[in-house]
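> Just entry-v7.cif, nothing more (mmCIF, C-alpha atoms and all ligand atoms):
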data_protein
loop_
_atom_site.label_atom_id
_atom_site.label_comp_id
_atom_site.auth_asym_id
_atom_site.auth_seq_id
_atom_site.Cartn_x
_atom_site.Cartn_y
_atom_site.Cartn_z
CA MET A 26 1.65 20.16 26.07
CA THR A 27 -2.04 20.83 25.51
CA GLN A 28 -3.25 19.71 22.14
CA THR A 29 -5.68 21.64 20.04
CA ASN A 30 -9.11 20.15 19.47
CA LYS A 31 -10.59 20.61 16.03
CA LEU A 32 -14.06 19.98 14.75
CA TRP A 33 -14.58 18.62 11.24
CA ARG A 34 -18.28 18.83 10.59
CA ASN A 35 -20.80 18.31 7.82
CA ALA A 36 -19.23 15.08 6.62
CA ARG A 37 -20.55 11.79 5.33
CA ILE A 38 -18.12 9.32 6.82
CA ALA A 39 -17.15 5.75 5.94
CA ILE A 40 -15.36 4.29 8.93
CA PHE A 41 -14.46 0.67 7.94
CA ASP A 42 -14.66 -0.41 11.54
CA GLY A 43 -16.83 -3.47 11.11
CA ASN A 44 -17.00 -6.47 8.84
CA GLU A 45 -20.31 -5.84 7.15
CA ARG A 46 -20.62 -3.75 3.99
CA TRP A 47 -20.27 -0.03 4.44
CA ASP A 48 -19.98 1.33 7.96
CA TRP A 49 -21.39 4.78 7.45
CA ILE A 50 -22.20 7.96 9.35
CA GLU A 51 -24.59 10.03 7.25
CA ASN A 52 -24.53 13.44 8.93
CA GLY A 53 -21.23 13.13 10.66
CA ALA A 54 -18.67 15.07 12.61
CA ILE A 55 -15.18 14.31 13.84
CA VAL A 56 -13.43 15.93 16.79
CA THR A 57 -9.67 15.50 16.65
CA GLN A 58 -7.24 16.07 19.48
CA GLY A 59 -3.68 16.30 18.23
CA GLU A 60 -3.04 13.23 16.07
CA THR A 61 -6.03 11.32 17.38
CA VAL A 62 -9.77 11.11 16.81
CA LEU A 63 -11.37 12.12 20.10
CA TRP A 64 -14.96 11.68 19.02
CA ILE A 65 -16.79 10.67 15.84
CA GLY A 66 -20.49 10.25 15.20
CA GLU A 67 -23.75 11.85 14.14
CA THR A 68 -23.51 15.62 14.39
CA ASN A 69 -26.68 15.91 16.42
CA SER A 70 -25.28 13.62 19.11
CA LEU A 71 -22.04 15.59 19.45
CA PRO A 72 -21.66 16.21 23.22
CA ALA A 73 -21.64 19.87 24.22
CA LYS A 74 -18.37 19.47 26.11
CA TYR A 75 -16.62 18.69 22.82
CA ILE A 76 -18.17 21.68 21.07
CA ALA A 77 -16.86 23.86 23.90
CA SER A 78 -13.36 22.35 23.61
CA VAL A 79 -12.89 23.08 19.95
CA GLU A 80 -10.39 25.68 18.78
CA GLY A 81 -10.63 25.17 15.03
CA GLU A 82 -13.69 24.35 12.97
CA HIS A 83 -13.80 22.99 9.42
CA ASP A 84 -16.94 22.67 7.30
CA LEU A 85 -16.56 19.68 4.98
CA GLU A 86 -19.67 20.71 3.01
CA GLY A 87 -21.31 17.30 2.98
CA ALA A 88 -18.36 15.66 1.27
CA CYS A 89 -17.50 12.00 1.66
CA VAL A 90 -14.78 11.22 4.21
CA THR A 91 -12.80 8.00 4.44
CA PRO A 92 -9.80 6.90 6.46
CA GLY A 93 -6.53 7.89 4.78
CA LEU A 94 -5.39 5.25 2.33
CA ILE A 95 -2.51 2.95 3.25
CA ASP A 96 -0.30 1.76 0.39
CA CYS A 97 1.18 -1.37 1.96
CA HIS A 98 3.50 -2.49 -0.86
CA THR A 99 5.71 -0.03 -2.75
CA HIS A 100 9.24 0.09 -4.12
CA LEU A 101 9.28 3.88 -4.11
CA VAL A 102 13.03 4.52 -3.88
CA TYR A 103 14.89 3.91 -7.16
CA ALA A 104 16.41 5.71 -10.11
CA GLY A 105 15.92 5.22 -13.84
CA ASN A 106 12.95 3.72 -15.60
CA ARG A 107 12.19 0.65 -17.64
CA ALA A 108 10.17 2.06 -20.53
CA ARG A 109 12.51 0.32 -22.98
CA GLU A 110 11.68 -3.03 -21.39
CA PHE A 111 8.02 -2.22 -21.76
CA GLU A 112 8.65 -1.88 -25.51
CA LEU A 113 10.61 -5.15 -25.55
CA ARG A 114 7.79 -6.94 -23.80
CA LEU A 115 5.33 -5.61 -26.33
CA GLN A 116 7.56 -7.12 -29.02
CA GLY A 117 7.27 -10.52 -27.35
CA ALA A 118 10.00 -10.74 -24.70
CA THR A 119 8.73 -11.90 -21.32
CA TYR A 120 9.40 -10.34 -17.91
CA GLU A 121 11.35 -13.49 -16.95
CA GLU A 122 13.42 -13.50 -20.14
CA ILE A 123 14.39 -9.86 -19.64
CA ALA A 124 15.36 -10.58 -16.02
CA ARG A 125 17.46 -13.61 -17.01
CA ALA A 126 19.22 -11.54 -19.68
CA GLY A 127 20.44 -9.13 -16.98
CA GLY A 128 17.72 -6.51 -17.41
CA GLY A 129 14.76 -6.18 -15.09
CA ILE A 130 15.54 -5.54 -11.44
CA ARG A 131 19.29 -5.49 -12.16
CA SER A 132 18.97 -2.56 -14.54
CA THR A 133 17.19 -0.55 -11.85
CA VAL A 134 19.91 -1.59 -9.38
CA ALA A 135 22.58 -0.11 -11.68
CA ALA A 136 20.68 3.20 -11.96
CA THR A 137 19.96 3.32 -8.22
CA ARG A 138 23.58 2.67 -7.25
CA ALA A 139 24.67 5.48 -9.57
CA ALA A 140 22.31 8.02 -7.96
CA SER A 141 23.20 10.07 -4.87
CA ASP A 142 21.06 10.00 -1.74
CA ASP A 143 19.70 13.44 -2.55
CA GLU A 144 18.86 12.37 -6.09
CA LEU A 145 17.04 9.31 -4.79
CA LEU A 146 15.09 11.48 -2.38
CA ALA A 147 14.29 14.01 -5.11
CA LEU A 148 12.90 11.16 -7.23
CA ALA A 149 10.93 9.56 -4.42
CA LEU A 150 9.30 12.74 -3.09
CA PRO A 151 7.04 13.47 -6.08
CA ARG A 152 6.05 9.81 -6.16
CA ALA A 153 4.98 10.01 -2.51
CA ARG A 154 3.16 13.28 -3.19
CA ALA A 155 1.32 11.68 -6.09
CA LEU A 156 0.14 8.93 -3.74
CA MET A 157 -0.96 11.59 -1.25
CA SER A 158 -2.95 13.30 -3.99
CA GLU A 159 -5.08 10.14 -4.05
CA GLY A 160 -5.58 10.09 -0.29
CA VAL A 161 -2.56 8.16 0.97
CA THR A 162 -1.47 8.99 4.52
CA ALA A 163 0.66 5.90 5.25
CA LEU A 164 2.84 3.74 3.07
CA GLU A 165 5.45 1.05 3.00
CA VAL A 166 8.73 1.49 1.15
CA LYS A 167 10.90 -1.49 0.30
CA SER A 168 14.59 -1.46 -0.45
CA GLY A 169 15.80 -3.99 -3.00
CA TYR A 170 17.35 -1.85 -5.71
CA GLY A 171 20.65 -1.35 -3.86
CA LEU A 172 21.64 -4.97 -3.21
CA SER A 173 24.86 -4.07 -1.40
CA GLU A 174 24.97 -3.24 2.29
CA GLN A 175 25.74 0.37 1.59
CA ASP A 176 23.18 0.83 -1.18
CA GLU A 177 20.43 -0.94 0.74
CA ALA A 178 21.18 1.27 3.74
CA ARG A 179 21.05 4.36 1.51
CA SER A 180 17.67 3.35 0.09
CA LEU A 181 16.22 2.68 3.52
CA ARG A 182 17.58 5.98 4.82
CA VAL A 183 15.93 7.81 1.92
CA ALA A 184 12.68 6.05 2.82
CA ARG A 185 13.03 7.30 6.40
CA ARG A 186 13.73 10.82 5.11
CA LEU A 187 10.43 10.74 3.21
CA ALA A 188 8.67 10.65 6.56
CA GLN A 189 10.64 13.71 7.69
CA GLU A 190 9.88 15.68 4.54
CA LEU A 191 6.21 14.76 4.25
CA PRO A 192 3.43 14.26 6.80
CA LEU A 193 3.25 10.54 6.13
CA THR A 194 3.58 7.40 8.20
CA VAL A 195 6.32 5.36 6.49
CA ARG A 196 7.17 1.73 7.20
CA THR A 197 10.44 0.43 5.75
CA THR A 198 11.00 -3.11 4.54
CA PHE A 199 14.43 -4.61 3.87
CA LEU A 200 14.23 -6.49 0.57
CA GLY A 201 17.90 -7.40 0.12
CA ALA A 202 16.72 -10.76 -1.26
CA HIS A 203 15.09 -9.15 -4.30
CA ALA A 204 17.59 -10.30 -6.94
CA VAL A 205 21.17 -11.55 -7.09
CA PRO A 206 23.42 -8.58 -7.91
CA PRO A 207 26.07 -8.94 -10.65
CA GLU A 208 28.98 -9.25 -8.22
CA PHE A 209 27.38 -12.43 -6.83
CA ASP A 210 26.57 -13.92 -10.24
CA GLY A 211 26.08 -17.68 -9.93
CA ARG A 212 26.53 -17.45 -6.14
CA ALA A 213 23.01 -16.92 -4.89
CA ASP A 214 23.68 -18.81 -1.63
CA ASP A 215 26.64 -16.59 -0.88
CA TYR A 216 24.52 -13.55 -1.60
CA VAL A 217 21.84 -14.76 0.83
CA SER A 218 24.59 -15.15 3.46
CA ALA A 219 25.59 -11.54 2.80
CA VAL A 220 21.97 -10.34 3.15
CA CYS A 221 21.69 -12.18 6.48
CA ASP A 222 24.96 -10.63 7.57
CA TRP A 223 23.89 -7.04 6.74
CA MET A 224 20.52 -7.38 8.42
CA PRO A 225 21.55 -6.93 12.09
CA ARG A 226 23.53 -3.78 11.26
CA LEU A 227 20.72 -2.26 9.19
CA HIS A 228 18.34 -3.08 12.01
CA ALA A 229 20.67 -1.62 14.64
CA ASP A 230 20.72 1.59 12.60
CA GLY A 231 16.93 1.75 12.94
CA LEU A 232 16.34 1.27 9.22
CA VAL A 233 14.22 -1.87 9.14
CA ASP A 234 10.60 -2.40 10.19
CA ALA A 235 10.13 -5.70 8.32
CA VAL A 236 11.99 -8.11 6.04
CA ASP A 237 10.82 -9.29 2.62
CA ALA A 238 12.14 -11.62 -0.11
CA PHE A 239 11.28 -12.51 -3.70
CA CYS A 240 10.66 -16.27 -3.68
CA GLU A 241 10.50 -17.16 -7.37
CA ARG A 242 12.23 -18.95 -10.24
CA ILE A 243 13.95 -15.65 -11.07
CA GLY A 244 14.34 -14.75 -7.39
CA PHE A 245 15.26 -16.96 -4.45
CA THR A 246 14.43 -20.57 -3.62
CA PRO A 247 12.30 -21.51 -0.63
CA ASP A 248 15.46 -22.70 1.18
CA GLN A 249 17.19 -19.39 0.58
CA THR A 250 14.06 -17.54 1.63
CA ARG A 251 13.97 -19.60 4.83
CA ARG A 252 17.50 -18.49 5.66
CA VAL A 253 16.50 -14.84 5.24
CA PHE A 254 13.43 -15.39 7.42
CA ASN A 255 15.49 -17.12 10.12
CA ALA A 256 17.82 -14.13 10.23
CA ALA A 257 14.82 -11.82 10.58
CA LYS A 258 13.32 -13.99 13.28
CA ALA A 259 16.56 -13.91 15.26
CA LEU A 260 16.23 -10.12 15.33
CA GLY A 261 12.52 -10.19 16.17
CA LEU A 262 11.64 -8.60 12.83
CA PRO A 263 8.36 -9.48 11.10
CA VAL A 264 8.52 -10.93 7.61
CA LYS A 265 6.56 -10.54 4.36
CA LEU A 266 6.99 -12.34 1.06
CA HIS A 267 6.68 -11.77 -2.69
CA ALA A 268 5.06 -15.16 -3.13
CA GLU A 269 3.59 -17.12 -6.01
CA GLN A 270 3.72 -14.20 -8.49
CA LEU A 271 4.88 -16.15 -11.55
CA SER A 272 4.79 -19.75 -10.30
CA ASP A 273 3.89 -21.78 -7.20
CA GLN A 274 7.03 -22.09 -5.08
CA HIS A 275 5.07 -22.92 -1.90
CA GLY A 276 6.24 -19.55 -0.60
CA ALA A 277 2.94 -18.75 1.08
CA ALA A 278 3.13 -21.84 3.30
CA LEU A 279 6.74 -21.02 4.16
CA ALA A 280 5.85 -17.44 5.03
CA ALA A 281 2.92 -18.63 7.14
CA GLU A 282 5.29 -20.86 9.08
CA PHE A 283 7.05 -17.64 10.12
CA SER A 284 3.72 -15.92 10.92
CA ALA A 285 4.35 -13.50 8.07
CA LEU A 286 2.47 -10.21 8.13
CA SER A 287 1.60 -10.65 4.46
CA CYS A 288 2.12 -12.65 1.29
CA ASP A 289 1.99 -10.47 -1.78
CA HIS A 290 0.98 -11.13 -5.44
CA LEU A 291 -0.32 -14.74 -5.01
CA GLU A 292 -1.63 -15.37 -8.53
CA TYR A 293 -0.29 -18.94 -8.33
CA VAL A 294 -1.00 -19.70 -4.67
CA SER A 295 -2.35 -23.20 -3.96
CA GLU A 296 -5.19 -24.29 -1.66
CA ALA A 297 -2.55 -25.50 0.81
CA GLY A 298 -0.90 -22.07 0.75
CA ILE A 299 -4.23 -20.37 1.39
CA LYS A 300 -4.99 -22.72 4.27
CA ALA A 301 -1.62 -22.01 5.84
CA MET A 302 -2.15 -18.24 5.50
CA ALA A 303 -5.58 -18.49 7.09
CA ALA A 304 -4.14 -20.42 10.03
CA SER A 305 -1.33 -17.92 10.62
CA GLY A 306 -3.46 -14.79 10.14
CA THR A 307 -1.28 -13.68 7.21
CA VAL A 308 -2.79 -10.97 5.00
CA ALA A 309 -3.01 -11.55 1.22
CA VAL A 310 -1.82 -8.41 -0.57
CA LEU A 311 -3.12 -8.43 -4.13
CA LEU A 312 -1.44 -6.21 -6.70
CA PRO A 313 -3.65 -5.52 -9.72
CA GLY A 314 -1.10 -3.12 -11.24
CA ALA A 315 1.53 -5.83 -11.69
CA TYR A 316 -1.10 -8.32 -12.87
CA TYR A 317 -2.28 -5.86 -15.50
CA PHE A 318 1.11 -4.52 -16.57
CA LEU A 319 2.68 -7.98 -17.00
CA ARG A 320 -0.45 -9.08 -18.86
CA GLU A 321 -0.84 -11.95 -16.42
CA THR A 322 -3.78 -14.21 -17.12
CA GLN A 323 -3.84 -16.32 -13.96
CA TRP A 324 -6.22 -14.74 -11.47
CA PRO A 325 -5.30 -14.54 -7.80
CA PRO A 326 -7.85 -16.85 -6.13
CA VAL A 327 -10.02 -14.18 -4.51
CA ALA A 328 -12.99 -16.47 -3.90
CA ALA A 329 -10.84 -19.08 -2.15
CA LEU A 330 -9.05 -16.45 -0.05
CA ARG A 331 -12.41 -15.01 0.92
CA ALA A 332 -13.85 -18.43 1.75
CA ALA A 333 -10.83 -19.23 3.92
CA GLY A 334 -11.19 -15.93 5.80
CA VAL A 335 -7.82 -14.56 4.71
CA PRO A 336 -7.91 -10.75 4.95
CA ILE A 337 -7.22 -9.18 1.55
CA ALA A 338 -5.27 -5.96 1.15
CA LEU A 339 -4.44 -4.09 -2.04
CA ALA A 340 -1.47 -1.92 -2.96
CA THR A 341 0.07 -0.13 -5.91
CA ASP A 342 3.32 -2.18 -5.84
CA HIS A 343 4.76 0.99 -7.36
CA ASN A 344 8.04 -0.01 -9.06
CA PRO A 345 9.62 0.73 -12.44
CA GLY A 346 9.44 -2.82 -13.82
CA SER A 347 6.12 -4.45 -13.12
CA SER A 348 3.82 -1.71 -11.81
CA PRO A 349 4.78 1.89 -12.63
CA THR A 350 1.53 3.29 -11.26
CA LEU A 351 0.93 5.84 -8.52
CA SER A 352 -2.84 5.48 -8.43
CA PRO A 353 -4.39 3.61 -5.51
CA LEU A 354 -7.86 4.51 -6.82
CA LEU A 355 -7.13 2.85 -10.15
CA MET A 356 -5.88 -0.21 -8.24
CA MET A 357 -9.20 -0.35 -6.39
CA ASN A 358 -11.08 -0.14 -9.67
CA MET A 359 -8.90 -2.88 -11.19
CA ALA A 360 -9.32 -5.10 -8.12
CA CYS A 361 -13.04 -5.01 -8.86
CA THR A 362 -12.97 -5.21 -12.66
CA LEU A 363 -10.07 -7.68 -12.99
CA PHE A 364 -10.27 -9.69 -9.75
CA ARG A 365 -14.01 -9.45 -9.06
CA MET A 366 -13.56 -7.95 -5.62
CA THR A 367 -16.40 -5.79 -4.34
CA PRO A 368 -15.97 -2.02 -3.86
CA VAL A 369 -16.17 -2.37 -0.08
CA GLU A 370 -13.51 -5.10 -0.20
CA ALA A 371 -11.34 -2.77 -2.28
CA TRP A 372 -11.72 -0.05 0.36
CA ARG A 373 -10.95 -2.40 3.21
CA GLY A 374 -7.97 -3.53 1.14
CA PHE A 375 -6.51 -0.03 1.09
CA THR A 376 -7.38 0.82 4.69
CA VAL A 377 -7.93 -1.58 7.56
CA ASN A 378 -6.40 -4.68 5.93
CA ALA A 379 -3.46 -2.71 4.58
CA ALA A 380 -2.72 -1.53 8.12
CA ARG A 381 -2.66 -5.13 9.22
CA ALA A 382 -0.34 -6.11 6.33
CA LEU A 383 2.15 -3.59 7.71
CA GLY A 384 1.74 -4.55 11.35
CA LEU A 385 0.56 -1.01 12.11
CA PRO A 386 -1.41 -0.51 15.33
CA ASP A 387 -5.15 -1.12 14.96
CA THR A 388 -5.66 2.64 15.25
CA TYR A 389 -4.65 2.89 11.57
CA GLY A 390 -6.95 2.37 8.58
CA VAL A 391 -10.18 3.06 10.51
CA LEU A 392 -12.01 6.06 11.92
CA ARG A 393 -13.29 5.76 15.46
CA ALA A 394 -12.66 7.33 18.84
CA GLY A 395 -9.01 6.67 19.61
CA SER A 396 -7.97 6.05 16.02
CA ARG A 397 -5.35 8.05 14.21
CA ALA A 398 -6.80 11.22 12.68
CA ASP A 399 -5.75 10.35 9.12
CA PHE A 400 -8.57 11.00 6.69
CA ALA A 401 -9.32 11.94 3.11
CA VAL A 402 -12.15 14.21 1.97
CA TRP A 403 -13.52 13.37 -1.46
CA ASP A 404 -15.62 14.92 -4.20
CA ALA A 405 -17.97 11.98 -4.18
CA ASP A 406 -21.26 11.01 -2.69
CA HIS A 407 -20.15 7.58 -1.51
CA PRO A 408 -16.86 5.61 -1.44
CA ARG A 409 -18.19 3.24 -4.06
CA ASP A 410 -18.24 6.15 -6.54
CA LEU A 411 -14.48 6.44 -6.12
CA VAL A 412 -13.98 2.80 -7.06
CA TYR A 413 -16.36 2.93 -9.98
CA ARG A 414 -14.78 5.94 -11.67
CA PHE A 415 -11.21 5.89 -12.84
CA GLY A 416 -8.81 8.54 -14.13
CA HIS A 417 -10.45 11.25 -12.02
CA HIS A 418 -8.81 13.45 -9.43
CA PRO A 419 -11.45 13.47 -6.73
CA LEU A 420 -9.49 14.41 -3.60
CA LEU A 421 -10.67 17.62 -1.96
CA ARG A 422 -8.61 17.67 1.24
CA LEU A 423 -6.22 15.45 3.14
CA VAL A 424 -5.75 15.32 6.90
CA ALA A 425 -2.82 13.42 8.47
CA GLY A 426 -2.39 13.17 12.21
CA GLY A 427 -5.14 15.76 12.72
CA VAL A 428 -3.42 18.33 10.51
CA GLU A 429 -4.66 19.43 7.11
CA VAL A 430 -1.81 18.55 4.74
CA SER A 431 -3.39 19.43 1.40
CA ASP A 432 -0.60 22.00 0.86
CA HIS A 433 1.99 19.26 0.55
CA ILE A 434 0.41 17.87 -2.56
CA GLY A 435 1.99 19.44 -5.60
CA CYS A 436 -1.07 19.31 -7.81
CA ALA A 437 -4.18 21.41 -7.45
CA LEU A 438 -6.94 19.82 -5.45
CA ARG A 439 -10.43 19.89 -6.83
CA THR A 440 -13.18 21.96 -5.46
CA LYS A 441 -16.34 20.17 -4.58
CA THR A 442 -18.87 19.63 -7.36
CA LEU A 443 -20.53 16.30 -6.67
CA ALA A 444 -21.68 16.75 -10.26
CA SER A 445 -20.78 13.27 -11.40
CA SER A 446 -21.80 11.49 -8.25
CA THR A 447 -24.95 9.57 -7.48
CA HIS A 448 -26.07 12.35 -5.19
CA GLY A 449 -28.89 11.44 -2.92
CA GLU A 450 -28.57 7.72 -3.33
CA GLY A 451 -26.97 7.39 0.06
CA ALA A 452 -25.46 4.34 1.60
CA GLN A 453 -28.31 2.00 2.27
CA SER A 454 -30.49 2.30 -0.77
CA ALA A 455 -31.06 -0.62 -3.08
CA PRO A 456 -32.14 1.04 -6.32
CA TYR A 457 -34.27 -0.71 -8.93
CA GLY A 458 -35.79 -2.95 -6.26
CA VAL A 459 -32.88 -5.36 -6.62
CA ALA A 460 -31.26 -6.73 -3.47
CA LEU A 461 -27.77 -5.28 -3.98
O1 LIG K 1 6.69 -6.59 -6.78
N1 LIG K 1 8.44 -9.20 -7.93
C1 LIG K 1 9.40 -8.57 -7.59
N2 LIG K 1 9.45 -7.28 -7.35
C2 LIG K 1 8.67 -6.28 -7.98
C3 LIG K 1 9.12 -5.98 -9.35
C4 LIG K 1 10.49 -5.49 -9.38
C5 LIG K 1 10.96 -5.02 -10.71
O2 LIG K 1 10.62 -5.57 -11.77
O3 LIG K 1 11.74 -4.05 -10.65
C6 LIG K 1 7.19 -6.60 -7.90
O4 LIG K 1 6.52 -6.87 -8.89
FE FE K 2 6.80 -5.77 -5.15
#
Could you write out this structure as structure tokens?

Amino acid sequence: MTQTNKLWRNARIAIFDGNERWDWIENGAIVTQGETVLWIGETNSLPAKYIASVEGEHDLEGACVTPGLIDCHTHLVYAGNRAREFELRLQGATYEEIARAGGGIRSTVAATRAASDDELLALALPRARALMSEGVTALEVKSGYGLSEQDEARSLRVARRLAQELPLTVRTTFLGAHAVPPEFDGRADDYVSAVCDWMPRLHADGLVDAVDAFCERIGFTPDQTRRVFNAAKALGLPVKLHAEQLSDQHGAALAAEFSALSCDHLEYVSEAGIKAMAASGTVAVLLPGAYYFLRETQWPPVAALRAAGVPIALATDHNPGSSPTLSPLLMMNMACTLFRMTPVEAWRGFTVNAARALGLPDTYGVLRAGSRADFAVWDADHPRDLVYRFGHHPLLRLVAGGVEVSDHIGCALRTKTLASSTHGEGAQSAPYGVAL
């Protein structure tokens, strides 16, 4: 089958294909062939043979283009909400106390079990569309609100259906070890055995891309987590871990021992944990939404992660209990304001490093010849503007796999104004004579 070539011209493109600051093409063009970028570069060096090959042409009117965002940690499939718990927490109850009293994750499990597959899909679709409306073209969806073989399978199937309904790349993660369900009360070890028993069948049904666990005082012990990881390893499945969110359980070191794709949260990670992650090439996924919403005060050790060379990704952690947000852009802003990350680090966190946290091919999260043609077109002069502002709706257009998918986003997209941007500043300038 011959694939159509399209030209996307008049763009100012951030490519995130290097390690230094902003990789930028000022007067750029992209030629896509099917789902892939065939050529990208300065418009005036666009080879004539590509111009001749083009069947569709799109003028991006000088707008800023970035790779599509990748949300590498979400719990998108669930029913119910936890607004009442939010009120309780504001009256003084802690997240841990609510969980121990049978609320928290368990309350979402009850609501999720009671919902049909179609209801779960109908709830998840607008959440995914909301992410798309902020530039997301790929995301991870974890199970973990079913906690029985059947309900975990249903959740994972709904996650797979999202990728059929929407033009998104979806990676599924089996998080059976998220909490102990009521029918296993006081029998956490037996529950872990059940999770390990379900795993091969879920995998055989094509529902699992990775395996995750919640290693925490209110979750699973390191020994129990190890059992889950061994089961995953036996199936050749990569692992990830909710590690060191509320306390240091030495989860990061354990995950690193299994060459985990990522350790997520990490507010309480130790130097030893960071060292182990650096050695195993494990990505640190920081989740400013959960940090903010649980009013956490312990910072994830960004400077130490950076110094150790651990790649840092960011994600929404969308879930009803600890991070009910659907705004990757707000997460980028918070990563800078709350965690002192830089805007370029925030962008790399939602693109190239997020791809790595999901074990996606290295054609994801970047824009270069041969990469996936997933990109977002923004009403902004520069990607840093999108991190600096918050509460805006700056997406102009979204392209996934070389196809414009703006129509799939339920809300109206903006038309280009550039009114509030730093127009003309460009990528390289250092205003005020300060070395920035
Ligand atoms: O990533 N930490 C565990 N899991 C979720 C929260 C789940 C919930 O409270 O429903 C998280 O924060
Ligand atoms: Fe999570």
> Counting only C-alpha atoms, what is within 7 Å of Val412 (chain A), bar same-chain residues fewer than 3 positions away, as a count of residues only?
6
> Residues near Ala297 (chain A), anyone? I mean within 9 Å using all atoms listed in the file, not counting same-chain ones fewer than 2 positions away, as a PyMOL selection string.
chain A and resi 275+277-278+294-295+299-302
> So the first atom is atom N2 of ligand LIG 1 (chain K) and the second is CA of Ala124 (chain A); what is the distance between them in Å, to one decimal place?
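Going from atom N2 of ligand LIG 1 (chain K) over to CA of Ala124 (chain A), I get 11.0 Å.
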> Smallest atom-to-atom distance to ligand LIG 1 (chain K): which of A:Ala280, A:Leu271, A:Val79, A:Ala259, using all atoms listed in the file?
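The shortest atom-to-atom distance to ligand LIG 1 (chain K) comes from A:Leu271.
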> Select the residues contacting ligand FE 2 (chain K) at a distance of at most 8 Å, based on only C-alpha atoms and all ligand atoms, then format the selection as a compact mmCIF listing (two decimals) with C-alpha atoms, in the coordinates of the input.

# COMPACT_ATOMS: atom_id res chain seq x y z
CA HIS A 98 3.50 -2.49 -0.86
CA THR A 99 5.71 -0.03 -2.75
CA HIS A 100 9.24 0.09 -4.12
CA HIS A 267 6.68 -11.77 -2.69
CA ASP A 289 1.99 -10.47 -1.78
CA HIS A 290 0.98 -11.13 -5.44
CA ASP A 342 3.32 -2.18 -5.84
CA HIS A 343 4.76 0.99 -7.36
CA ASN A 344 8.04 -0.01 -9.06
> Record the distance separating CA of Arg422 (chain A) and CA of Gly160 (chain A), expressed in Å with one decimal.
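Separation of CA of Arg422 (chain A) and CA of Gly160 (chain A): 8.3 Å.
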> Taking (7.0, 1.6, 8.2) in the file's own coordinates, collect the residues within 8 Å, counting all atoms listed in the file, and hand them back as a list of chain:residue names.
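Residues close enough to count: A:Leu164, A:Glu165, A:Val166, A:Thr194, A:Val195, A:Arg196, A:Thr197, A:Thr198, A:Asp234, A:Ala235, A:Leu383, A:Leu385.
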> I want to know what sits within 10 Å of Ser168 (chain A), based on all atoms listed in the file, with residues of the same chain fewer than 4 positions away left out; could you give that as a list in words?
Thr99, His100, Leu101, Val102, Tyr103, Leu172, Asp176, Glu177, Ala178, Arg179, Ser180, Leu181, Arg182, Val183, Ala184, Thr197, Thr198, Phe199, Leu200, Gly201, Ala202, His203, Val233, Val236 and Asp237 of chain A
> Mind working out the centre and edge lengths of an axis-aligned box for region 344-358 of chain A, all listed atoms inside, 5 Å added to each side, rounded to one decimal in Å and written as JSON?

{"center_x": -0.7, "center_y": 0.7, "center_z": -9.7, "size_x": 30.7, "size_y": 20.3, "size_z": 18.3}
> With all atoms listed in the file as the basis for distance, which of A:Glu112, A:Thr91, A:Lys31, A:Glu321 is at the shortest distance from Trp47 (chain A)?
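Closest to Trp47 (chain A), using all atoms listed in the file: A:Thr91.
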> A:Leu227, A:Leu421, A:Ala380, A:Val428: which is nearest Ala401 (chain A), counting all atoms listed in the file?
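Checking each of A:Leu227, A:Leu421, A:Ala380, A:Val428 against Ala401 (chain A), counting all atoms listed in the file, the winner is A:Leu421.
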> List every protein, DNA or RNA residue that has at least one atom no more than 9 Å from (-21.2, 21.7, 6.6) in the file's coordinates, counting all atoms listed in the file, and write the result as a VMD selection string.
chain A and resid 33 to 36 83 to 88
> From the list A:Tyr317, A:Phe41, A:Trp372, A:Phe254, which residue is nearest ligand LIG 1 (chain K) when using only C-alpha atoms and all ligand atoms?
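Result for the nearest residue to ligand LIG 1 (chain K): A:Tyr317.
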> Determine, counting all atoms listed in the file, which protein, DNA and RNA residues have an atom within 9 Å of an atom of Gly306 (chain A); residues of the same chain fewer than 5 positions away are not included. Present the result as a ChimeraX atom specification.
/A:281,284-287,301,334-336
> Can you write just those residues out, C-alpha atoms, as an mmCIF file, in the coordinates of the input?

data_model
loop_
_atom_site.group_PDB
_atom_site.id
_atom_site.type_symbol
_atom_site.label_atom_id
_atom_site.label_comp_id
_atom_site.auth_asym_id
_atom_site.auth_seq_id
_atom_site.Cartn_x
_atom_site.Cartn_y
_atom_site.Cartn_z
ATOM 1 C CA ALA A 281 2.920 -18.630 7.140
ATOM 2 C CA SER A 284 3.720 -15.920 10.920
ATOM 3 C CA ALA A 285 4.350 -13.500 8.070
ATOM 4 C CA LEU A 286 2.470 -10.210 8.130
ATOM 5 C CA SER A 287 1.600 -10.650 4.460
ATOM 6 C CA ALA A 301 -1.620 -22.010 5.840
ATOM 7 C CA GLY A 334 -11.190 -15.930 5.800
ATOM 8 C CA VAL A 335 -7.820 -14.560 4.710
ATOM 9 C CA PRO A 336 -7.910 -10.750 4.950
#
> Give the answer as one residue: which of A:Tyr389, A:Trp223, A:Phe209, A:Phe400 has the shortest atom-to-atom distance to Val161 (chain A), using all atoms listed in the file?
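Once distances to Val161 (chain A) are computed over all atoms listed in the file, the minimum belongs to A:Phe400.
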> Taking only C-alpha atoms and all ligand atoms into account, which residues have an atom no farther than 7 Å from ligand LIG 1 (chain K)? I'd like them as a list in words.
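The distance check yields Gly129, Ile130, Thr133, His203, Phe239, His267, Gln270, Ala315, Asp342, Asn344, Pro345, Gly346, Ser347 and Ser348 of chain A.
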